[in-house]
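Asker: Sharing a structure with you now.
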Amino acid sequence: MIGEGFAAFAGADEAAKALSDFAASFDYPCTDSSPEAIARESVESSWIKALARKCGGSMETYGRWARESVPRMVKSARYVINQEQFDILVRRTGLDLLRTWRNGFPDRRSKLPFGSAFRAVDQLFKAINESEACRSSMIRDFLHVPLDGSTLRPLRLCIDELVDRDFSIEIPASVPAGFVATEEQYLLLQEAMLALAERAGVSPIVYAYYCSSINSS
């Protein structure tokens, strides 16, 4: 189980092998969820509810944003043809969520962490890709890994091996909800996920499914 006691990978090669072995028998989940259902399931998720309580936000405001945004995300994804375009779409959507949250709750205590907003967006695009009614076959290889404890903890001992820059990243054994605090951190960690996926010969999002499978075993 990937929890606080999970023995993190000792090195990037070990992580890549585990991911490659998992991918050999992996099939993407398939649902018939509509955009409305995807938005509703996001609103009902326990981590979103916990985030709203912690950040002083309202589920009503997040729910309204999700209901309005998911159909636009589905439509926009169908026009994406490369990684750069998808990255721009993710950034635009994440910043829109941050702006909506800030405008709905101007009190300083209600600030939504950058990483939490983008985790929500990445989870939504992941769900969109699982839906036969919503998916765009082009975006599967472009999806970002939702960054949370389950995806970050296993790489805490080898994360610097995966980042091709002079930047030291220290991932704690217990990853707090607001760990990813800036856009720079988010992009560096997504770069690491891409590097791991390239070593394993898979799409980056497969790593998120790997972590989910270990977490539920």
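Every chain in the structure tokens has a letter given in the order shown (A, B, ...), and although residue numbers restart at 1 in each chain, ligands are simply numbered from 1 in the order shown.
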Using only C-alpha atoms, find each residue in region 13-131 of chain A having at least one atom no more than 7 Å away from region 141-148 of chain A; report its shortest atom-to-atom pair and that distance in Å (one decimal), rows by chain then rising number, as CSV.
Answerer:
```
residue,atom,partner,partner_atom,distance
A:Gln83,CA,A:Phe142,CA,5.4
A:Phe86,CA,A:Phe142,CA,6.6
A:Arg119,CA,A:Pro146,CA,4.8
A:Asp122,CA,A:Pro146,CA,5.3
A:Gln123,CA,A:Pro146,CA,6.0
A:Lys126,CA,A:Leu143,CA,6.9
```
Asker: Could you pull the residues within 10 Å of Glu41 (chain A), counting only C-alpha atoms, minus those fewer than 3 positions along the same chain, as a list in words?
Answerer: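 Near Glu41 (chain A), the qualifying residues are Ser33, Pro35, Glu36, Ala37, Ile38, Glu44, Ser45, Ser46, Gly63, Ala66, Leu124 and Ala127 of chain A.
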Asker: Provide the CA of Thr100 (chain A) to CA of Ala117 (chain A) distance in Å, to one decimal place.
Answerer: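 Straight-line distance from CA of Thr100 (chain A) to CA of Ala117 (chain A) works out to 10.6 Å.
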Asker: Near Gly11 (chain A), counting only C-alpha atoms, which residues have an atom at most 9 Å away, once you skip same-chain residues fewer than 3 positions from it, shown as a list in words?
Answerer: Ala8, Glu14, Ala15, Ala16, Leu155, Leu157, Cys158, Ile159 and Glu161 of chain A
Asker: Using CA of Val43 (chain A) and CA of Val121 (chain A) as the two end points, give the distance in Å to one decimal.
Answerer: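 About the pair CA of Val43 (chain A) and CA of Val121 (chain A): they are 12.2 Å apart.
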Asker: Using Å and a single decimal, report how far CA of Val175 (chain A) sits from CA of Tyr207 (chain A).
Answerer: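 Result for CA of Tyr207 (chain A) versus CA of Val175 (chain A): 17.5 Å, one decimal.
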Asker: Using only C-alpha atoms, can you tell me which of A:Leu98, A:Ala195, A:Cys211, A:Ile205 comes closest to Ser150 (chain A)?
Answerer: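 Closest to Ser150 (chain A) of all the choices is A:Cys211.
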Asker: As JSON, numbers by chain, which residues of chain A does DSSP assign to alpha helix (DSSP H)?
Answerer: {"A": [12, 13, 14, 15, 16, 17, 18, 19, 20, 21, 22, 23, 35, 36, 37, 38, 39, 40, 41, 42, 43, 44, 46, 47, 48, 49, 50, 51, 52, 53, 54, 55, 59, 60, 61, 62, 63, 64, 65, 66, 67, 68, 69, 70, 71, 72, 73, 74, 75, 76, 77, 83, 84, 85, 86, 87, 88, 89, 90, 91, 92, 93, 94, 95, 96, 97, 98, 99, 100, 101, 102, 103, 104, 114, 115, 116, 117, 118, 119, 120, 121, 122, 123, 124, 125, 126, 127, 128, 129, 130, 149, 150, 151, 152, 159, 160, 161, 162, 183, 184, 185, 186, 187, 188, 189, 190, 191, 192, 193, 194, 195, 196, 197, 198, 199, 200, 205, 206, 207, 208, 209, 210, 211, 212, 213, 214, 215, 216]}
